[in-house]
file my_file_3.pdb (PDB, C-alpha atoms)
ATOM      1  CA  MET A  39     -11.113  12.644  38.145
ATOM      2  CA  VAL A  40     -10.189   9.889  40.629
ATOM      3  CA  ALA A  41     -12.754  11.158  43.138
ATOM      4  CA  ASP A  42     -15.451  11.180  40.445
ATOM      5  CA  TYR A  43     -14.583   7.611  39.509
ATOM      6  CA  ALA A  44     -14.776   6.493  43.139
ATOM      7  CA  ARG A  45     -18.087   8.317  43.644
ATOM      8  CA  THR A  46     -19.620   6.309  40.800
ATOM      9  CA  GLU A  47     -19.868   3.203  42.965
ATOM     10  CA  ARG A  48     -22.195   4.934  45.445
ATOM     11  CA  LEU A  49     -24.402   6.253  42.647
ATOM     12  CA  LEU A  50     -25.074   2.980  40.841
ATOM     13  CA  PRO A  51     -28.562   1.756  41.755
ATOM     14  CA  GLN A  52     -28.892  -1.814  42.994
ATOM     15  CA  TRP A  53     -31.412  -2.711  40.263
ATOM     16  CA  ARG A  54     -28.819  -1.680  37.663
ATOM     17  CA  ASN A  55     -26.065  -3.675  39.333
ATOM     18  CA  LYS A  56     -28.201  -6.813  39.492
ATOM     19  CA  ARG A  57     -29.190  -6.534  35.837
ATOM     20  CA  VAL A  58     -25.625  -5.899  34.662
ATOM     21  CA  VAL A  59     -24.169  -8.719  36.754
ATOM     22  CA  LYS A  60     -26.845 -11.138  35.523
ATOM     23  CA  ALA A  61     -26.140 -10.279  31.868
ATOM     24  CA  LEU A  62     -22.383 -10.490  32.315
ATOM     25  CA  ARG A  63     -22.650 -13.765  34.227
ATOM     26  CA  LYS A  64     -24.478 -15.286  31.234
ATOM     27  CA  MET A  65     -21.666 -14.188  28.927
ATOM     28  CA  HIS A  66     -18.813 -15.066  31.315
ATOM     29  CA  PRO A  67     -19.947 -17.793  33.739
ATOM     30  CA  GLU A  68     -16.328 -18.578  34.652
ATOM     31  CA  ALA A  69     -15.493 -15.026  35.790
ATOM     32  CA  VAL A  70     -14.278 -14.991  39.374
ATOM     33  CA  HIS A  71     -14.614 -11.336  40.409
ATOM     34  CA  LEU A  72     -17.409 -10.309  38.082
ATOM     35  CA  GLU A  73     -19.531  -8.512  40.690
ATOM     36  CA  ASP A  74     -16.628  -6.385  41.875
ATOM     37  CA  LEU A  75     -15.542  -5.532  38.346
ATOM     38  CA  ALA A  76     -19.047  -4.522  37.281
ATOM     39  CA  THR A  77     -20.240  -2.685  40.376
ATOM     40  CA  ARG A  78     -17.228  -1.199  42.168
ATOM     41  CA  SER A  79     -14.992   1.755  41.381
ATOM     42  CA  PRO A  80     -12.263   2.014  44.024
ATOM     43  CA  ALA A  81     -10.055   5.104  43.817
ATOM     44  CA  PRO A  82      -6.763   3.151  44.090
ATOM     45  CA  VAL A  83      -7.624   1.275  40.898
ATOM     46  CA  MET A  84      -8.066   4.499  38.915
ATOM     47  CA  ARG A  85      -4.918   5.997  40.429
ATOM     48  CA  ALA A  86      -2.950   2.910  39.405
ATOM     49  CA  LEU A  87      -4.404   2.958  35.890
ATOM     50  CA  LEU A  88      -3.562   6.635  35.379
ATOM     51  CA  ALA A  89      -0.049   6.105  36.761
ATOM     52  CA  ASP A  90       0.478   3.134  34.440
ATOM     53  CA  LEU A  91      -0.740   5.066  31.393
ATOM     54  CA  THR A  92       1.553   7.957  32.296
ATOM     55  CA  ALA A  93       4.546   5.661  32.816
ATOM     56  CA  ARG A  94       3.994   3.720  29.594
ATOM     57  CA  TYR A  95       2.676   6.396  27.223
ATOM     58  CA  GLY A  96       3.474   9.782  28.795
ATOM     59  CA  SER A  97      -0.146  10.585  29.702
ATOM     60  CA  PRO A  98      -3.659   9.172  29.407
ATOM     61  CA  ALA A  99      -4.189  11.467  26.391
ATOM     62  CA  ASP A 100      -1.067  10.079  24.740
ATOM     63  CA  TYR A 101      -2.434   6.566  25.262
ATOM     64  CA  LEU A 102      -5.664   7.573  23.514
ATOM     65  CA  ARG A 103      -3.636   8.995  20.641
ATOM     66  CA  THR A 104      -1.817   5.652  20.231
ATOM     67  CA  GLN A 105      -5.242   4.021  19.955
ATOM     68  CA  GLY A 106      -6.207   6.311  17.088
ATOM     69  CA  MET A 107      -7.899   9.249  18.778
ATOM     70  CA  ALA A 108      -7.212  12.556  17.049
ATOM     71  CA  ASP A 109      -6.022  15.619  18.939
ATOM     72  CA  ASP A 110      -9.183  17.521  18.047
ATOM     73  CA  GLU A 111     -11.319  14.753  19.603
ATOM     74  CA  LEU A 112      -9.747  15.016  23.061
ATOM     75  CA  PRO A 113     -11.507  18.254  24.131
ATOM     76  CA  GLU A 114     -14.881  16.775  23.174
ATOM     77  CA  LEU A 115     -14.145  13.606  25.122
ATOM     78  CA  ARG A 116     -13.220  15.711  28.160
ATOM     79  CA  ARG A 117     -16.403  17.733  27.776
ATOM     80  CA  ILE A 118     -18.563  14.607  27.643
ATOM     81  CA  LEU A 119     -16.857  12.645  30.404
ATOM     82  CA  ILE A 120     -15.800  15.322  32.864
ATOM     83  CA  GLU A 121     -18.610  17.410  34.241
ATOM     84  CA  PRO A 122     -17.483  20.909  35.241
ATOM     85  CA  ARG A 123     -17.808  21.678  38.921
TER      86      ARG A 123
END
call {"tool": "encode", "arguments": {"input": "my_file_3.pdb", "output": "structure tokens"}}
result
Amino acid sequence: MVADYARTERLLPQWRNKRVVKALRKMHPEAVHLEDLATRSPAPVMRALLADLTARYGSPADYLRTQGMADDELPELRRILIEPR
């Protein structure tokens, strides 16, 4: 999962990044690190997020449950977001 997240950065086309950054800059002109937030996906960030969710909620799935996701929705979310190898 972390490797897939990190790979995303290399797969985002420049035309997409420019369009997204331009739209976000209009909405948030004061944002300091907007380009990095919208166009980068460093592995350490995902590792830290997953570790934080595990420490605070028990697991990323448990976090989703606290936000209202039902147990029967989790397999579908996995299917949509995680492409089998």
call {"tool": "resolve_selection", "arguments": {"input": "my_file_3.pdb", "expression": "the PyMOL selection byres ((chain A and resi 59) around 10)", "output": "number ranges by chain"}}
result
A: 54-58, 60-66, 72-77
call {"tool": "atom_distance", "arguments": {"input": "my_file_3.pdb", "atom1": "atom CA of A:Val70", "atom2": "atom CA of A:Ala93"}}
result
28.7 Å
call {"tool": "atom_distance", "arguments": {"input": "my_file_3.pdb", "atom1": "atom CA of A:Pro98", "atom2": "atom CA of A:Ser79"}}
result
18.1 Å
call {"tool": "residues_around", "arguments": {"input": "my_file_3.pdb", "residues": "stretch 104-119 of chain A", "least_positions_apart": "5", "cutoff": "12 Å", "atoms": "only C-alpha atoms", "output": "MDAnalysis selection string"}}
result
chainID A and resid 39 42:43 91 94:99
call {"tool": "atom_distance", "arguments": {"input": "my_file_3.pdb", "atom1": "atom CA of A:Ala41", "atom2": "atom CA of A:Ala86"}}
result
13.3 Å
call {"tool": "residues_around", "arguments": {"input": "my_file_3.pdb", "residues": "A:Pro80", "least_positions_apart": "2", "cutoff": "9 Å", "atoms": "all atoms listed in the file", "output": "ChimeraX atom specification"}}
result
/A:40,43-45,47,78,82-84
call {"tool": "build_atoms", "arguments": {"input": "my_file_3.pdb", "residues": "stretch 52-63 of chain A", "atoms": "all heavy atoms", "output": "PDB file, keeping the file's coordinate frame"}}
result
ATOM      1  N   GLN A  52     -28.960  -0.363  42.840  1.00  0.00           N
ATOM      2  CA  GLN A  52     -28.892  -1.814  42.994  1.00  0.00           C
ATOM      3  C   GLN A  52     -29.584  -2.551  41.847  1.00  0.00           C
ATOM      4  O   GLN A  52     -29.094  -3.581  41.400  1.00  0.00           O
ATOM      5  CB  GLN A  52     -29.486  -2.240  44.340  1.00  0.00           C
ATOM      6  CG  GLN A  52     -28.579  -1.950  45.502  1.00  0.00           C
ATOM      7  CD  GLN A  52     -27.232  -2.637  45.357  1.00  0.00           C
ATOM      8  OE1 GLN A  52     -27.145  -3.820  45.057  1.00  0.00           O
ATOM      9  NE2 GLN A  52     -26.169  -1.882  45.556  1.00  0.00           N
ATOM     10  N   TRP A  53     -30.719  -2.029  41.368  1.00  0.00           N
ATOM     11  CA  TRP A  53     -31.412  -2.711  40.263  1.00  0.00           C
ATOM     12  C   TRP A  53     -30.510  -2.767  39.038  1.00  0.00           C
ATOM     13  O   TRP A  53     -30.495  -3.761  38.321  1.00  0.00           O
ATOM     14  CB  TRP A  53     -32.742  -2.035  39.931  1.00  0.00           C
ATOM     15  CG  TRP A  53     -32.616  -0.617  39.444  1.00  0.00           C
ATOM     16  CD1 TRP A  53     -32.726   0.524  40.198  1.00  0.00           C
ATOM     17  CD2 TRP A  53     -32.329  -0.182  38.118  1.00  0.00           C
ATOM     18  NE1 TRP A  53     -32.524   1.637  39.421  1.00  0.00           N
ATOM     19  CE2 TRP A  53     -32.277   1.233  38.130  1.00  0.00           C
ATOM     20  CE3 TRP A  53     -32.113  -0.844  36.910  1.00  0.00           C
ATOM     21  CZ2 TRP A  53     -32.017   1.984  36.987  1.00  0.00           C
ATOM     22  CZ3 TRP A  53     -31.844  -0.090  35.773  1.00  0.00           C
ATOM     23  CH2 TRP A  53     -31.809   1.315  35.823  1.00  0.00           C
ATOM     24  N   ARG A  54     -29.742  -1.711  38.802  1.00  0.00           N
ATOM     25  CA  ARG A  54     -28.819  -1.680  37.663  1.00  0.00           C
ATOM     26  C   ARG A  54     -27.713  -2.707  37.859  1.00  0.00           C
ATOM     27  O   ARG A  54     -27.373  -3.466  36.957  1.00  0.00           O
ATOM     28  CB  ARG A  54     -28.250  -0.277  37.519  1.00  0.00           C
ATOM     29  CG  ARG A  54     -27.187  -0.149  36.431  1.00  0.00           C
ATOM     30  CD  ARG A  54     -25.808  -0.138  37.087  1.00  0.00           C
ATOM     31  NE  ARG A  54     -24.754  -0.039  36.110  1.00  0.00           N
ATOM     32  CZ  ARG A  54     -23.585  -0.634  36.234  1.00  0.00           C
ATOM     33  NH1 ARG A  54     -23.310  -1.385  37.273  1.00  0.00           N
ATOM     34  NH2 ARG A  54     -22.655  -0.496  35.326  1.00  0.00           N
ATOM     35  N   ASN A  55     -27.142  -2.734  39.056  1.00  0.00           N
ATOM     36  CA  ASN A  55     -26.065  -3.675  39.333  1.00  0.00           C
ATOM     37  C   ASN A  55     -26.518  -5.116  39.134  1.00  0.00           C
ATOM     38  O   ASN A  55     -25.801  -5.919  38.530  1.00  0.00           O
ATOM     39  CB  ASN A  55     -25.541  -3.481  40.754  1.00  0.00           C
ATOM     40  CG  ASN A  55     -24.790  -2.176  40.908  1.00  0.00           C
ATOM     41  OD1 ASN A  55     -24.418  -1.527  39.932  1.00  0.00           O
ATOM     42  ND2 ASN A  55     -24.571  -1.773  42.148  1.00  0.00           N
ATOM     43  N   LYS A  56     -27.695  -5.449  39.631  1.00  0.00           N
ATOM     44  CA  LYS A  56     -28.201  -6.813  39.492  1.00  0.00           C
ATOM     45  C   LYS A  56     -28.395  -7.185  38.033  1.00  0.00           C
ATOM     46  O   LYS A  56     -28.045  -8.281  37.602  1.00  0.00           O
ATOM     47  CB  LYS A  56     -29.508  -6.978  40.268  1.00  0.00           C
ATOM     48  CG  LYS A  56     -29.307  -6.998  41.752  1.00  0.00           C
ATOM     49  CD  LYS A  56     -30.624  -7.120  42.492  1.00  0.00           C
ATOM     50  CE  LYS A  56     -30.397  -7.025  43.981  1.00  0.00           C
ATOM     51  NZ  LYS A  56     -31.631  -7.068  44.744  1.00  0.00           N
ATOM     52  N   ARG A  57     -28.939  -6.266  37.253  1.00  0.00           N
ATOM     53  CA  ARG A  57     -29.190  -6.534  35.837  1.00  0.00           C
ATOM     54  C   ARG A  57     -27.878  -6.699  35.068  1.00  0.00           C
ATOM     55  O   ARG A  57     -27.730  -7.604  34.260  1.00  0.00           O
ATOM     56  CB  ARG A  57     -30.028  -5.416  35.232  1.00  0.00           C
ATOM     57  CG  ARG A  57     -30.415  -5.699  33.804  1.00  0.00           C
ATOM     58  CD  ARG A  57     -31.449  -4.795  33.241  1.00  0.00           C
ATOM     59  NE  ARG A  57     -31.328  -3.422  33.692  1.00  0.00           N
ATOM     60  CZ  ARG A  57     -32.053  -2.431  33.232  1.00  0.00           C
ATOM     61  NH1 ARG A  57     -32.954  -2.649  32.312  1.00  0.00           N
ATOM     62  NH2 ARG A  57     -31.891  -1.216  33.678  1.00  0.00           N
ATOM     63  N   VAL A  58     -26.918  -5.836  35.343  1.00  0.00           N
ATOM     64  CA  VAL A  58     -25.625  -5.899  34.662  1.00  0.00           C
ATOM     65  C   VAL A  58     -24.887  -7.184  35.029  1.00  0.00           C
ATOM     66  O   VAL A  58     -24.359  -7.881  34.158  1.00  0.00           O
ATOM     67  CB  VAL A  58     -24.771  -4.651  34.984  1.00  0.00           C
ATOM     68  CG1 VAL A  58     -23.335  -4.833  34.557  1.00  0.00           C
ATOM     69  CG2 VAL A  58     -25.373  -3.418  34.330  1.00  0.00           C
ATOM     70  N   VAL A  59     -24.862  -7.508  36.310  1.00  0.00           N
ATOM     71  CA  VAL A  59     -24.169  -8.719  36.754  1.00  0.00           C
ATOM     72  C   VAL A  59     -24.827  -9.956  36.143  1.00  0.00           C
ATOM     73  O   VAL A  59     -24.140 -10.870  35.678  1.00  0.00           O
ATOM     74  CB  VAL A  59     -24.115  -8.797  38.288  1.00  0.00           C
ATOM     75  CG1 VAL A  59     -23.661 -10.175  38.761  1.00  0.00           C
ATOM     76  CG2 VAL A  59     -23.199  -7.705  38.834  1.00  0.00           C
ATOM     77  N   LYS A  60     -26.144  -9.994  36.102  1.00  0.00           N
ATOM     78  CA  LYS A  60     -26.845 -11.138  35.523  1.00  0.00           C
ATOM     79  C   LYS A  60     -26.486 -11.303  34.041  1.00  0.00           C
ATOM     80  O   LYS A  60     -26.197 -12.417  33.582  1.00  0.00           O
ATOM     81  CB  LYS A  60     -28.356 -10.960  35.679  1.00  0.00           C
ATOM     82  CG  LYS A  60     -29.163 -12.123  35.162  1.00  0.00           C
ATOM     83  CD  LYS A  60     -30.646 -11.891  35.392  1.00  0.00           C
ATOM     84  CE  LYS A  60     -31.457 -13.028  34.830  1.00  0.00           C
ATOM     85  NZ  LYS A  60     -32.900 -12.811  35.018  1.00  0.00           N
ATOM     86  N   ALA A  61     -26.476 -10.221  33.297  1.00  0.00           N
ATOM     87  CA  ALA A  61     -26.140 -10.279  31.868  1.00  0.00           C
ATOM     88  C   ALA A  61     -24.686 -10.706  31.668  1.00  0.00           C
ATOM     89  O   ALA A  61     -24.385 -11.551  30.807  1.00  0.00           O
ATOM     90  CB  ALA A  61     -26.403  -8.932  31.215  1.00  0.00           C
ATOM     91  N   LEU A  62     -23.792 -10.134  32.451  1.00  0.00           N
ATOM     92  CA  LEU A  62     -22.383 -10.490  32.315  1.00  0.00           C
ATOM     93  C   LEU A  62     -22.113 -11.930  32.736  1.00  0.00           C
ATOM     94  O   LEU A  62     -21.280 -12.615  32.147  1.00  0.00           O
ATOM     95  CB  LEU A  62     -21.513  -9.530  33.138  1.00  0.00           C
ATOM     96  CG  LEU A  62     -21.409  -8.105  32.599  1.00  0.00           C
ATOM     97  CD1 LEU A  62     -20.682  -7.216  33.593  1.00  0.00           C
ATOM     98  CD2 LEU A  62     -20.730  -8.084  31.245  1.00  0.00           C
ATOM     99  N   ARG A  63     -22.829 -12.387  33.764  1.00  0.00           N
ATOM    100  CA  ARG A  63     -22.650 -13.765  34.227  1.00  0.00           C
ATOM    101  C   ARG A  63     -23.052 -14.757  33.136  1.00  0.00           C
ATOM    102  O   ARG A  63     -22.427 -15.802  32.965  1.00  0.00           O
ATOM    103  CB  ARG A  63     -23.462 -13.994  35.504  1.00  0.00           C
ATOM    104  CG  ARG A  63     -23.329 -15.353  36.125  1.00  0.00           C
ATOM    105  CD  ARG A  63     -21.967 -15.722  36.625  1.00  0.00           C
ATOM    106  NE  ARG A  63     -21.493 -14.886  37.703  1.00  0.00           N
ATOM    107  CZ  ARG A  63     -20.204 -14.714  37.977  1.00  0.00           C
ATOM    108  NH1 ARG A  63     -19.282 -15.317  37.279  1.00  0.00           N
ATOM    109  NH2 ARG A  63     -19.827 -13.932  38.956  1.00  0.00           N
TER     110      ARG A  63
END
